[in-house]
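So this one's upload_17.csv, CSV, C-alpha atoms:
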chain,number,residue,atom,x,y,z
D,239,MET,CA,29.9,-11.5,26.6
D,240,GLN,CA,26.4,-12.7,27.7
D,241,ALA,CA,26.3,-16.1,25.9
D,242,LEU,CA,29.6,-17.1,27.5
D,243,GLU,CA,28.7,-15.9,31.0
D,244,ASP,CA,25.4,-17.9,30.7
D,245,LYS,CA,27.3,-21.0,29.7
D,246,ILE,CA,29.7,-20.6,32.6
D,247,LEU,CA,26.8,-20.3,35.0
D,248,GLN,CA,25.0,-23.3,33.5
D,249,GLU,CA,27.9,-25.7,33.0
D,250,GLY,CA,30.9,-24.4,34.9
D,251,LYS,CA,31.9,-26.4,38.0
D,252,VAL,CA,33.3,-24.5,40.9
D,253,LEU,CA,35.7,-27.0,42.5
D,254,SER,CA,37.1,-24.5,45.1
D,255,ASP,CA,37.2,-20.7,45.6
D,256,THR,CA,39.9,-20.6,42.9
D,257,VAL,CA,39.3,-23.6,40.6
D,258,LEU,CA,36.7,-23.4,37.8
D,259,LYS,CA,36.2,-26.3,35.5
D,260,VAL,CA,34.7,-25.6,32.1
D,261,ASP,CA,35.5,-29.0,30.5
D,262,SER,CA,32.0,-29.2,28.9
D,263,PHE,CA,32.6,-26.5,26.4
D,264,LEU,CA,36.2,-25.2,26.4
D,265,ASN,CA,38.9,-27.3,28.0
D,266,HIS,CA,38.0,-30.9,27.0
D,267,GLN,CA,34.7,-30.9,25.2
D,268,ILE,CA,34.4,-27.9,22.8
D,269,ASP,CA,31.2,-26.1,21.7
D,270,PRO,CA,32.1,-25.0,18.2
D,271,ASP,CA,29.2,-22.6,17.9
D,272,LEU,CA,30.2,-20.8,21.1
D,273,MET,CA,33.8,-20.8,19.8
D,274,ARG,CA,32.6,-19.0,16.7
D,275,GLU,CA,30.7,-16.4,18.7
D,276,ILE,CA,33.9,-15.9,20.8
D,277,GLY,CA,35.9,-15.5,17.6
D,278,GLU,CA,33.5,-12.9,16.3
D,279,GLU,CA,33.6,-11.0,19.6
D,280,PHE,CA,37.4,-10.9,19.6
D,281,ALA,CA,37.3,-9.7,15.9
D,282,LYS,CA,34.9,-7.0,16.9
D,283,ARG,CA,36.9,-5.8,19.9
D,284,PHE,CA,40.2,-5.6,17.9
D,285,ALA,CA,38.6,-4.5,14.6
D,286,HIS,CA,40.7,-1.3,14.5
D,287,GLU,CA,44.0,-3.1,14.7
D,288,ARG,CA,46.0,-4.2,11.6
D,289,ILE,CA,46.5,-7.7,13.0
D,290,THR,CA,48.6,-10.1,10.8
D,291,LYS,CA,48.8,-13.1,13.2
D,292,ILE,CA,47.2,-14.6,16.2
D,293,LEU,CA,49.4,-16.4,18.7
D,294,THR,CA,48.0,-18.8,21.3
D,295,ILE,CA,49.2,-21.8,23.3
D,296,GLU,CA,48.2,-25.5,23.1
D,297,SER,CA,45.8,-27.0,23.7
D,298,SER,CA,42.8,-25.1,24.9
D,299,GLY,CA,43.7,-21.9,23.2
D,300,ILE,CA,43.5,-23.4,19.8
D,301,ALA,CA,39.7,-23.6,19.3
D,302,PRO,CA,38.9,-19.9,20.1
D,303,ALA,CA,42.1,-18.7,18.3
D,304,VAL,CA,41.3,-20.6,15.1
D,305,MET,CA,37.7,-19.2,15.1
D,306,ALA,CA,39.1,-15.7,15.6
D,307,GLY,CA,41.6,-16.3,12.8
D,308,LEU,CA,38.9,-17.5,10.5
D,309,ILE,CA,36.8,-14.4,11.0
D,310,MET,CA,39.8,-12.0,11.0
D,311,GLY,CA,41.4,-13.7,8.0
D,312,VAL,CA,44.8,-14.2,9.6
D,313,PRO,CA,46.9,-17.3,10.4
D,314,VAL,CA,47.1,-18.7,13.9
D,315,VAL,CA,50.3,-20.0,15.5
D,316,PHE,CA,50.1,-22.1,18.7
D,317,ALA,CA,53.1,-22.2,21.1
D,318,ARG,CA,54.1,-25.7,22.0
D,319,LYS,CA,54.6,-26.7,25.6
D,320,SER,CA,57.5,-29.0,24.9
D,321,LYS,CA,59.8,-29.1,22.0
D,322,SER,CA,59.1,-31.8,19.5
D,323,LEU,CA,61.9,-33.7,17.7
D,324,THR,CA,61.5,-31.6,14.6
D,325,LEU,CA,61.5,-28.3,16.4
D,326,LYS,CA,64.7,-28.4,18.6
D,327,ASN,CA,66.3,-25.2,17.5
D,328,HIS,CA,65.4,-22.1,15.6
D,329,VAL,CA,62.7,-21.2,18.2
D,330,TYR,CA,61.6,-18.3,20.4
D,331,ALA,CA,61.2,-19.8,23.9
D,332,ALA,CA,59.9,-18.7,27.3
D,333,GLN,CA,59.4,-20.3,30.7
D,334,VAL,CA,55.9,-20.6,32.0
D,335,TYR,CA,55.1,-21.7,35.6
D,336,SER,CA,51.7,-23.5,36.0
D,337,TYR,CA,50.3,-22.9,39.5
D,338,THR,CA,47.6,-25.6,38.7
D,339,LYS,CA,50.1,-28.3,37.8
D,340,GLN,CA,53.0,-26.9,39.9
D,341,THR,CA,55.5,-27.4,37.1
D,342,ALA,CA,57.5,-25.1,35.0
D,343,ASN,CA,57.2,-25.6,31.2
D,344,GLU,CA,59.0,-24.2,28.3
D,345,ILE,CA,56.8,-22.8,25.6
D,346,ALA,CA,58.3,-22.4,22.1
D,347,VAL,CA,57.4,-20.9,18.7
D,348,SER,CA,59.4,-21.6,15.6
D,349,LYS,CA,61.1,-18.5,14.2
D,350,ASP,CA,59.6,-19.4,10.8
D,351,PHE,CA,56.1,-18.3,11.9
D,352,LEU,CA,56.6,-15.0,13.8
D,353,HIS,CA,58.5,-12.1,12.3
D,354,ASP,CA,59.4,-8.5,13.1
D,355,ASP,CA,56.8,-7.2,10.6
D,356,ASP,CA,54.0,-9.2,12.3
D,357,VAL,CA,51.2,-7.4,14.3
D,358,VAL,CA,50.2,-10.0,16.9
D,359,LEU,CA,47.0,-10.6,18.9
D,360,LEU,CA,47.4,-13.1,21.7
D,361,ILE,CA,44.4,-15.3,22.5
D,362,ASP,CA,44.1,-17.8,25.4
D,363,ASP,CA,41.4,-19.7,27.2
D,364,PHE,CA,42.1,-18.6,30.8
D,365,LEU,CA,43.9,-15.7,32.5
D,366,ALA,CA,44.6,-16.2,36.2
D,367,ASN,CA,48.1,-15.5,37.5
D,368,GLY,CA,49.1,-14.4,34.0
D,369,GLN,CA,52.1,-16.7,33.6
D,370,ALA,CA,51.1,-18.1,30.2
D,371,LEU,CA,50.3,-14.7,28.9
D,372,LEU,CA,53.6,-13.2,30.1
D,373,GLY,CA,55.4,-16.1,28.4
D,374,LEU,CA,53.6,-15.4,25.1
D,375,ILE,CA,54.3,-11.7,25.4
D,376,GLU,CA,58.0,-12.6,25.9
D,377,ILE,CA,57.9,-14.6,22.7
D,378,VAL,CA,56.4,-11.7,20.8
D,379,LYS,CA,59.1,-9.4,22.1
D,380,GLN,CA,61.9,-11.9,21.1
D,381,ALA,CA,60.4,-11.9,17.5
D,382,GLY,CA,60.5,-8.1,17.5
D,383,ALA,CA,56.8,-8.1,16.4
D,384,GLU,CA,54.2,-5.5,17.2
D,385,PHE,CA,51.9,-6.5,20.0
D,386,VAL,CA,48.3,-5.1,20.1
D,387,GLY,CA,46.9,-7.0,23.1
D,388,ALA,CA,45.4,-10.1,24.4
D,389,GLY,CA,41.9,-11.7,24.0
D,390,ILE,CA,41.0,-13.9,26.9
D,391,VAL,CA,38.0,-16.2,27.0
D,392,ILE,CA,37.7,-16.4,30.9
D,393,GLU,CA,39.7,-14.2,33.3
D,394,LYS,CA,39.8,-15.0,36.9
D,395,GLY,CA,40.0,-11.3,37.9
D,396,PHE,CA,40.4,-12.1,41.6
D,397,GLN,CA,43.8,-13.7,40.9
D,398,LYS,CA,45.2,-10.3,39.7
D,399,GLY,CA,47.4,-11.6,36.9
D,400,GLY,CA,45.4,-9.5,34.4
D,401,ASP,CA,45.5,-6.4,36.6
D,402,LYS,CA,49.3,-6.6,36.9
D,403,ILE,CA,49.7,-7.0,33.1
D,404,ARG,CA,47.2,-4.1,32.4
D,405,GLN,CA,49.3,-1.9,34.6
D,406,GLN,CA,52.1,-2.3,32.1
D,407,GLY,CA,49.9,-0.6,29.6
D,408,ILE,CA,48.9,-3.8,27.8
D,409,ARG,CA,45.4,-4.1,26.5
D,410,ILE,CA,43.5,-7.2,27.7
D,411,GLU,CA,40.0,-8.0,26.5
D,412,SER,CA,38.4,-10.7,28.6
D,413,LEU,CA,35.0,-12.0,27.4
D,414,ALA,CA,34.1,-13.1,30.9
D,415,ASN,CA,35.8,-11.7,34.0
D,416,ILE,CA,35.1,-13.5,37.2
D,417,MET,CA,35.2,-11.3,40.3
D,418,SER,CA,34.6,-14.2,42.8
D,419,MET,CA,33.8,-17.9,43.1
D,420,LYS,CA,33.1,-17.9,46.8
D,421,GLU,CA,30.7,-20.6,48.2
D,422,GLY,CA,30.5,-22.2,44.7
D,423,LYS,CA,28.9,-19.1,43.2
D,424,VAL,CA,30.4,-17.4,40.2
D,425,THR,CA,30.1,-13.6,40.2
D,426,PHE,CA,31.2,-11.7,37.1
D,427,GLN,CA,32.8,-8.3,37.0
D,428,ARG,CA,30.4,-6.2,34.9
D,429,GLU,CA,31.8,-4.1,32.0
D,430,GLU,CA,30.7,-0.9,33.6
D,431,GLN,CA,32.7,-1.7,36.8
D,432,LEU,CA,35.8,-1.8,34.6
D,433,ASN,CA,35.3,1.7,33.3
G,247,MET,CA,41.1,-32.9,-1.7
G,248,GLN,CA,42.8,-30.7,-4.2
G,249,ALA,CA,43.3,-27.5,-2.1
G,250,LEU,CA,45.0,-29.6,0.6
G,251,GLU,CA,47.2,-31.5,-1.9
G,252,ASP,CA,48.3,-28.2,-3.4
G,253,LYS,CA,49.1,-26.8,0.0
G,254,ILE,CA,51.2,-29.9,0.9
G,255,LEU,CA,53.1,-29.6,-2.4
G,256,GLN,CA,53.7,-25.9,-1.9
G,257,GLU,CA,54.5,-25.8,1.8
G,258,GLY,CA,55.2,-29.3,3.1
G,259,LYS,CA,58.8,-30.1,3.9
G,260,VAL,CA,60.0,-33.6,3.2
G,261,LEU,CA,62.6,-34.2,5.9
G,262,SER,CA,63.2,-37.9,4.9
G,263,ASP,CA,61.4,-40.7,3.1
G,264,THR,CA,59.0,-40.9,6.0
G,265,VAL,CA,58.9,-37.5,7.7
G,266,LEU,CA,56.7,-34.7,6.3
G,267,LYS,CA,56.5,-31.4,8.1
G,268,VAL,CA,53.4,-29.3,7.6
G,269,ASP,CA,54.1,-26.8,10.3
G,270,SER,CA,53.1,-23.9,8.2
G,271,PHE,CA,49.4,-24.7,8.0
G,272,LEU,CA,48.5,-27.6,10.3
G,273,ASN,CA,50.9,-28.6,13.1
G,274,HIS,CA,52.2,-25.3,14.4
G,275,GLN,CA,50.9,-22.4,12.3
G,276,ILE,CA,47.2,-23.1,11.3
G,277,ASP,CA,45.5,-21.8,8.2
G,278,PRO,CA,41.9,-21.3,9.4
G,279,ASP,CA,40.4,-21.0,5.9
G,280,LEU,CA,41.9,-24.3,4.9
G,281,MET,CA,40.7,-25.8,8.2
G,282,ARG,CA,37.2,-24.7,7.3
G,283,GLU,CA,37.4,-26.3,3.8
G,284,ILE,CA,38.7,-29.5,5.5
G,285,GLY,CA,35.8,-29.4,8.0
G,286,GLU,CA,33.3,-29.0,5.1
G,287,GLU,CA,34.9,-31.9,3.2
G,288,PHE,CA,34.6,-34.2,6.3
G,289,ALA,CA,31.0,-33.0,6.7
G,290,LYS,CA,30.2,-33.9,3.1
G,291,ARG,CA,31.9,-37.3,3.2
G,292,PHE,CA,30.0,-38.3,6.4
G,293,ALA,CA,26.8,-36.5,5.6
G,294,HIS,CA,24.7,-39.7,5.7
G,295,GLU,CA,25.7,-40.6,9.2
G,296,ARG,CA,23.8,-39.5,12.3
G,297,ILE,CA,26.9,-38.3,14.1
G,298,THR,CA,26.4,-36.8,17.6
G,299,LYS,CA,30.1,-36.2,18.5
G,300,ILE,CA,33.5,-35.7,17.1
G,301,LEU,CA,36.5,-37.2,19.0
G,302,THR,CA,40.0,-36.0,18.3
G,303,ILE,CA,43.3,-35.8,20.1
G,304,GLU,CA,45.3,-32.8,21.3
G,305,SER,CA,46.8,-30.6,19.9
G,306,SER,CA,46.9,-30.7,16.0
G,307,GLY,CA,43.6,-32.6,15.7
G,308,ILE,CA,41.7,-29.8,17.4
G,309,ALA,CA,41.6,-27.2,14.5
G,310,PRO,CA,40.2,-29.5,11.8
G,311,ALA,CA,37.9,-31.2,14.3
G,312,VAL,CA,36.4,-27.9,15.6
G,313,MET,CA,35.7,-26.7,12.0
G,314,ALA,CA,34.0,-30.1,11.2
G,315,GLY,CA,32.0,-29.8,14.4
G,316,LEU,CA,30.9,-26.2,13.5
G,317,ILE,CA,29.7,-27.3,10.1
G,318,MET,CA,28.1,-30.6,11.3
G,319,GLY,CA,26.6,-28.9,14.4
G,320,VAL,CA,28.0,-31.3,16.9
G,321,PRO,CA,30.4,-31.0,19.9
G,322,VAL,CA,34.0,-31.9,19.7
G,323,VAL,CA,35.9,-33.8,22.5
G,324,PHE,CA,39.7,-33.9,22.4
G,325,ALA,CA,41.5,-36.7,24.1
G,326,ARG,CA,44.2,-35.6,26.5
G,327,LYS,CA,47.7,-37.0,26.2
G,328,SER,CA,48.4,-36.8,30.0
G,329,LYS,CA,46.0,-36.7,32.8
G,330,SER,CA,45.5,-33.3,34.4
G,331,LEU,CA,45.0,-32.7,38.1
G,332,THR,CA,41.3,-32.3,37.7
G,333,LEU,CA,40.9,-35.4,35.5
G,334,LYS,CA,42.5,-38.2,37.4
G,335,ASN,CA,39.7,-40.7,37.5
G,336,HIS,CA,36.4,-41.2,35.7
G,337,VAL,CA,38.1,-41.5,32.3
G,338,TYR,CA,38.3,-43.9,29.4
G,339,ALA,CA,42.0,-44.4,28.7
G,340,ALA,CA,44.2,-46.1,26.1
G,341,GLN,CA,48.0,-46.4,25.4
G,342,VAL,CA,49.4,-44.8,22.3
G,343,TYR,CA,52.9,-45.4,21.1
G,344,SER,CA,54.5,-42.6,19.1
G,345,TYR,CA,57.1,-43.8,16.6
G,346,THR,CA,58.1,-40.2,16.0
G,347,LYS,CA,58.8,-39.4,19.7
G,348,GLN,CA,59.6,-43.0,20.7
G,349,THR,CA,57.5,-42.8,23.8
G,350,ALA,CA,54.3,-44.4,25.0
G,351,ASN,CA,51.6,-42.0,26.1
G,352,GLU,CA,48.3,-42.6,27.8
G,353,ILE,CA,45.4,-40.7,26.1
G,354,ALA,CA,42.3,-40.1,28.2
G,355,VAL,CA,38.7,-38.9,27.7
G,356,SER,CA,36.4,-38.0,30.6
G,357,LYS,CA,33.4,-40.3,31.0
G,358,ASP,CA,31.3,-37.2,31.2
G,359,PHE,CA,31.6,-36.4,27.5
G,360,LEU,CA,31.3,-39.8,25.7
G,361,HIS,CA,28.3,-42.1,26.2
G,362,ASP,CA,26.8,-45.3,24.9
G,363,ASP,CA,24.2,-43.3,22.9
G,364,ASP,CA,26.8,-41.3,21.1
G,365,VAL,CA,27.6,-41.8,17.4
G,366,VAL,CA,31.2,-40.9,17.0
G,367,LEU,CA,33.3,-39.6,14.1
G,368,LEU,CA,37.1,-39.6,14.8
G,369,ILE,CA,39.2,-36.8,13.3
G,370,ASP,CA,42.9,-36.5,13.4
G,371,ASP,CA,45.6,-34.6,11.5
G,372,PHE,CA,47.9,-37.5,10.5
G,373,LEU,CA,47.5,-41.3,10.0
G,374,ALA,CA,50.8,-43.2,9.6
G,375,ASN,CA,51.2,-46.3,11.8
G,376,GLY,CA,47.7,-45.9,13.1
G,377,GLN,CA,48.6,-46.0,16.8
G,378,ALA,CA,46.7,-42.8,17.7
G,379,LEU,CA,43.7,-43.8,15.8
G,380,LEU,CA,43.7,-47.3,17.4
G,381,GLY,CA,43.8,-45.6,20.8
G,382,LEU,CA,40.9,-43.4,20.0
G,383,ILE,CA,38.9,-46.4,18.6
G,384,GLU,CA,39.6,-48.2,21.9
G,385,ILE,CA,38.2,-45.3,23.8
G,386,VAL,CA,35.0,-45.3,21.7
G,387,LYS,CA,34.7,-49.0,22.4
G,388,GLN,CA,35.1,-48.5,26.2
G,389,ALA,CA,32.3,-45.9,26.1
G,390,GLY,CA,30.1,-48.4,24.2
G,391,ALA,CA,29.4,-45.7,21.6
G,392,GLU,CA,28.7,-46.3,18.0
G,393,PHE,CA,31.7,-45.6,15.7
G,394,VAL,CA,31.1,-44.5,12.1
G,395,GLY,CA,34.7,-44.0,11.0
G,396,ALA,CA,37.6,-41.7,10.9
G,397,GLY,CA,38.4,-38.5,9.0
G,398,ILE,CA,42.1,-38.0,8.5
G,399,VAL,CA,43.7,-34.8,7.1
G,400,ILE,CA,46.9,-36.4,5.8
G,401,GLU,CA,47.5,-40.2,5.5
G,402,LYS,CA,50.9,-41.5,4.9
G,403,GLY,CA,49.6,-44.4,3.0
G,404,PHE,CA,53.0,-46.1,2.5
G,405,GLN,CA,53.2,-46.7,6.3
G,406,LYS,CA,50.2,-49.1,6.1
G,407,GLY,CA,48.5,-48.1,9.4
G,408,GLY,CA,45.4,-47.1,7.5
G,409,ASP,CA,45.3,-50.3,5.4
G,410,LYS,CA,45.5,-52.4,8.5
G,411,ILE,CA,42.6,-50.6,10.2
G,412,ARG,CA,40.5,-50.6,7.0
G,413,GLN,CA,41.0,-54.4,6.9
G,414,GLN,CA,39.0,-54.5,10.1
G,415,GLY,CA,36.1,-53.1,8.2
G,416,ILE,CA,36.6,-49.5,9.6
G,417,ARG,CA,35.8,-46.6,7.3
G,418,ILE,CA,38.7,-44.1,6.9
G,419,GLU,CA,38.4,-41.0,4.8
G,420,SER,CA,41.8,-39.3,4.2
G,421,LEU,CA,41.7,-36.0,2.5
G,422,ALA,CA,45.3,-36.4,1.2
G,423,ASN,CA,46.8,-39.9,0.9
G,424,ILE,CA,50.6,-39.9,0.3
G,425,MET,CA,51.8,-42.9,-1.7
G,426,SER,CA,55.5,-42.0,-1.6
G,427,MET,CA,57.9,-39.3,-0.4
G,428,LYS,CA,61.0,-40.7,-2.1
G,429,GLU,CA,63.8,-38.2,-3.0
G,430,GLY,CA,61.9,-35.4,-1.5
G,431,LYS,CA,59.0,-35.7,-3.8
G,432,VAL,CA,55.5,-36.1,-2.5
G,433,THR,CA,53.3,-38.4,-4.6
G,434,PHE,CA,49.6,-38.8,-3.8
G,435,GLN,CA,47.5,-41.8,-4.1
G,436,ARG,CA,44.7,-40.8,-6.5
G,437,GLU,CA,41.1,-41.5,-5.5
G,438,GLU,CA,40.6,-43.7,-8.5
G,439,GLN,CA,43.5,-45.9,-7.4
G,440,LEU,CA,41.6,-46.6,-4.2
G,441,ASN,CA,38.5,-47.9,-6.0

As structure tokens, please, write out the structure in this file.
Amino acid sequence: MQALEDKILQEGKVLSDTVLKVDSFLNHQIDPDLMREIGEEFAKRFAHERITKILTIESSGIAPAVMAGLIMGVPVVFARKSKSLTLKNHVYAAQVYSYTKQTANEIAVSKDFLHDDDVVLLIDDFLANGQALLGLIEIVKQAGAEFVGAGIVIEKGFQKGGDKIRQQGIRIESLANIMSMKEGKVTFQREEQLN
Amino acid sequence: MQALEDKILQEGKVLSDTVLKVDSFLNHQIDPDLMREIGEEFAKRFAHERITKILTIESSGIAPAVMAGLIMGVPVVFARKSKSLTLKNHVYAAQVYSYTKQTANEIAVSKDFLHDDDVVLLIDDFLANGQALLGLIEIVKQAGAEFVGAGIVIEKGFQKGGDKIRQQGIRIESLANIMSMKEGKVTFQREEQLN
């Protein structure tokens, strides 16, 4: 997605060969117009699926997921990273290890909002090692819902989480797929390279 | 706002005289269409202000804030509840005590995304004791930015946080203001009662 790649090149900060900071439009400050374009792109790519629900994870997945939900006309559920007082039981839960924060977190979704007749699209801001996405897939499985694939805003393709999950036959649509961030320079994997 | 009050009456769960759960459309599952209507209502109520930035707090403030930002054409910044590894310094920070969770949290906003020439609208999902809102106001003050007021989705008017903050001359626009939740019944404060 050209507008997103342009934004990453203009505003993304490459902190190391593996760390990209996009706090100016996605992870701390949010560009609502770009989020709408992202939502439209997800809706287009998954237009032929009979999606009933979008599942994401707090906090940075919420903005792109809600815009996709608005355009696709379906509710959005965000998995919580820690159980709140009013959500102790009656949940689907999975463990997610964060390499960035070096901690394991439980993510949870109330059984009230994901059912075996749901057709679920996962949306998340980043895909690197794939831990968060695997946790969300685990939750969809626990619910017995149908899973059509994942829409990712930025994939760090060089970290191979996406490749491993695709090898399981799972559809992942990444709107920007980064091939390399060596020497502070972001290089994208072109669509044609994927085919 | 009638559509919001209707939704609260239809789907809100009154767990006690003080606890209202709206997990089906705001705090866990999100209704994107309702969020857009909420965003439009905030934009209408603050139409005469020259707002340059919306500030909210993760996670449940993000959806209504991003919709308001989309309609008003301004970026949204969400305060983080704990500092991430890439955000240790260079922040405005404030303490927020949560009566629900009985813990004090630090909220933080990077100095990169809030400046003394910004005109800030605060948006949050709930206003009860006012602790989160006071924390956000403190951050706006630290930035030296202009502060035009706060847009709140649901105010628990009987908990008086909003009244205390209004007495400081601060403008708060609540789209639903709950007067009482006694015996499981939600009663709203009508607009005319506020005037």

Among listed residues D:Gly389, D:Asn327, D:Ser297, D:Val252, nearest Lys282 of chain D (using only C-alpha atoms) =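 Distance minimum relative to Lys282 of chain D lands on D:Gly389.
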
Rows by chain and residue number, chain D within 8 Å of chain G, shortest pair, only C-alpha atoms, as CSV:
residue,atom,partner,partner_atom,distance
D:Ser262,CA,G:Phe359,CA,7.3
D:His266,CA,G:Phe324,CA,5.7
D:Gln267,CA,G:Val323,CA,4.1
D:Ile268,CA,G:Val322,CA,5.1
D:Asp269,CA,G:Pro321,CA,5.3
D:Pro270,CA,G:Leu316,CA,5.0
D:Asp271,CA,G:Leu316,CA,5.9
D:Glu296,CA,G:Ser305,CA,6.2
D:Ser297,CA,G:Ser305,CA,5.3
D:Ile300,CA,G:Ala309,CA,6.8
D:Ala301,CA,G:Ala309,CA,6.3
D:Val304,CA,G:Pro278,CA,5.8
D:Met305,CA,G:Pro278,CA,7.4
D:Gly307,CA,G:Pro278,CA,6.1
D:Leu308,CA,G:Pro278,CA,5.0
D:Gly311,CA,G:Asp279,CA,7.7
D:Val312,CA,G:Pro278,CA,7.7
D:Pro313,CA,G:Asp277,CA,5.2
D:Val314,CA,G:Ile276,CA,5.1
D:Val315,CA,G:Gln275,CA,4.0
D:Phe316,CA,G:His274,CA,5.8
D:Ala317,CA,G:His274,CA,7.4
D:Arg318,CA,G:His274,CA,7.8
D:Ser322,CA,G:Lys347,CA,7.6
D:Leu323,CA,G:Lys347,CA,6.8
D:Thr338,CA,G:Leu331,CA,7.6
D:Lys339,CA,G:Leu331,CA,6.7
D:Phe351,CA,G:Gln275,CA,6.6

Pull the neighbourhood of (42.2, -40.8, 27.2) for me: all residues within 9 Å in file coordinates, counting all atoms listed in the file, as a count of residues only.
-> 20

Could you please determine the separation between atom CA of Val358 of chain D and atom CA of Val334 of chain D in Å, to one decimal place?
->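 Separation between atom CA of Val358 of chain D and atom CA of Val334 of chain D: 19.3 Å.
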
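In this structure, atom CA of Leu368 of chain G sits 24.7 Å away from atom CA of Glu249 of chain D.
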
Two-atom distance - atom CA of Asp363 of chain G, atom CA of Val394 of chain G (Å) =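 According to the coordinates, atom CA of Asp363 of chain G and atom CA of Val394 of chain G are separated by 12.9 Å.
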
Contact residues around Leu255 of chain G with only C-alpha atoms at 12 Å, ignoring same-chain residues under 2 positions, as an MDAnalysis selection string | chainID G and resid 248:253 257:260 266:268 422 424 427 430:434

Top pick for closest residue to Leu421 of chain G, considering G:Phe288, G:Gln377, G:Ala391, G:Ile254 and counting all atoms listed in the file =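 Closest to Leu421 of chain G, using all atoms listed in the file: G:Phe288.
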
Kindly complete segment 342-360 of chain G to N, CA and C atoms; the output should be written as a PDB file, in the frame of the given file.
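Produced file part11.pdb, reproduced below:
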ATOM      1  N   VAL G 342      49.028 -45.154  23.690  1.00  0.00           N
ATOM      2  CA  VAL G 342      49.400 -44.800  22.300  1.00  0.00           C
ATOM      3  C   VAL G 342      50.911 -44.718  22.227  1.00  0.00           C
ATOM      4  N   TYR G 343      51.498 -45.503  21.337  1.00  0.00           N
ATOM      5  CA  TYR G 343      52.900 -45.400  21.100  1.00  0.00           C
ATOM      6  C   TYR G 343      53.238 -44.475  19.967  1.00  0.00           C
ATOM      7  N   SER G 344      54.102 -43.503  20.203  1.00  0.00           N
ATOM      8  CA  SER G 344      54.500 -42.600  19.100  1.00  0.00           C
ATOM      9  C   SER G 344      55.836 -43.015  18.562  1.00  0.00           C
ATOM     10  N   TYR G 345      55.846 -43.404  17.283  1.00  0.00           N
ATOM     11  CA  TYR G 345      57.100 -43.800  16.600  1.00  0.00           C
ATOM     12  C   TYR G 345      57.991 -42.560  16.438  1.00  0.00           C
ATOM     13  N   THR G 346      57.365 -41.381  16.217  1.00  0.00           N
ATOM     14  CA  THR G 346      58.100 -40.200  16.000  1.00  0.00           C
ATOM     15  C   THR G 346      58.895 -39.792  17.305  1.00  0.00           C
ATOM     16  N   LYS G 347      58.171 -39.824  18.427  1.00  0.00           N
ATOM     17  CA  LYS G 347      58.800 -39.400  19.700  1.00  0.00           C
ATOM     18  C   LYS G 347      59.370 -40.573  20.464  1.00  0.00           C
ATOM     19  N   GLN G 348      59.092 -41.799  19.998  1.00  0.00           N
ATOM     20  CA  GLN G 348      59.600 -43.000  20.700  1.00  0.00           C
ATOM     21  C   GLN G 348      59.210 -43.078  22.129  1.00  0.00           C
ATOM     22  N   THR G 349      57.975 -42.691  22.417  1.00  0.00           N
ATOM     23  CA  THR G 349      57.500 -42.800  23.800  1.00  0.00           C
ATOM     24  C   THR G 349      56.038 -43.309  23.742  1.00  0.00           C
ATOM     25  N   ALA G 350      55.648 -43.970  24.839  1.00  0.00           N
ATOM     26  CA  ALA G 350      54.300 -44.400  25.000  1.00  0.00           C
ATOM     27  C   ALA G 350      53.536 -43.362  25.831  1.00  0.00           C
ATOM     28  N   ASN G 351      52.378 -42.952  25.374  1.00  0.00           N
ATOM     29  CA  ASN G 351      51.600 -42.000  26.100  1.00  0.00           C
ATOM     30  C   ASN G 351      50.215 -42.594  26.418  1.00  0.00           C
ATOM     31  N   GLU G 352      49.668 -42.214  27.541  1.00  0.00           N
ATOM     32  CA  GLU G 352      48.300 -42.600  27.800  1.00  0.00           C
ATOM     33  C   GLU G 352      47.429 -41.405  27.241  1.00  0.00           C
ATOM     34  N   ILE G 353      46.363 -41.759  26.522  1.00  0.00           N
ATOM     35  CA  ILE G 353      45.400 -40.700  26.100  1.00  0.00           C
ATOM     36  C   ILE G 353      44.118 -41.027  26.932  1.00  0.00           C
ATOM     37  N   ALA G 354      43.411 -39.965  27.293  1.00  0.00           N
ATOM     38  CA  ALA G 354      42.300 -40.100  28.200  1.00  0.00           C
ATOM     39  C   ALA G 354      41.127 -39.195  27.788  1.00  0.00           C
ATOM     40  N   VAL G 355      39.908 -39.686  27.978  1.00  0.00           N
ATOM     41  CA  VAL G 355      38.700 -38.900  27.700  1.00  0.00           C
ATOM     42  C   VAL G 355      37.787 -39.067  28.955  1.00  0.00           C
ATOM     43  N   SER G 356      37.294 -37.970  29.485  1.00  0.00           N
ATOM     44  CA  SER G 356      36.400 -38.000  30.600  1.00  0.00           C
ATOM     45  C   SER G 356      35.104 -38.790  30.258  1.00  0.00           C
ATOM     46  N   LYS G 357      34.633 -39.613  31.177  1.00  0.00           N
ATOM     47  CA  LYS G 357      33.400 -40.300  31.000  1.00  0.00           C
ATOM     48  C   LYS G 357      32.180 -39.388  30.864  1.00  0.00           C
ATOM     49  N   ASP G 358      32.374 -38.138  31.278  1.00  0.00           N
ATOM     50  CA  ASP G 358      31.300 -37.200  31.200  1.00  0.00           C
ATOM     51  C   ASP G 358      30.908 -36.808  29.759  1.00  0.00           C
ATOM     52  N   PHE G 359      31.840 -37.020  28.816  1.00  0.00           N
ATOM     53  CA  PHE G 359      31.600 -36.400  27.500  1.00  0.00           C
ATOM     54  C   PHE G 359      31.550 -37.468  26.353  1.00  0.00           C
ATOM     55  N   LEU G 360      31.441 -38.737  26.712  1.00  0.00           N
ATOM     56  CA  LEU G 360      31.300 -39.800  25.700  1.00  0.00           C
ATOM     57  C   LEU G 360      30.404 -40.861  26.336  1.00  0.00           C
TER      58      LEU G 360
END
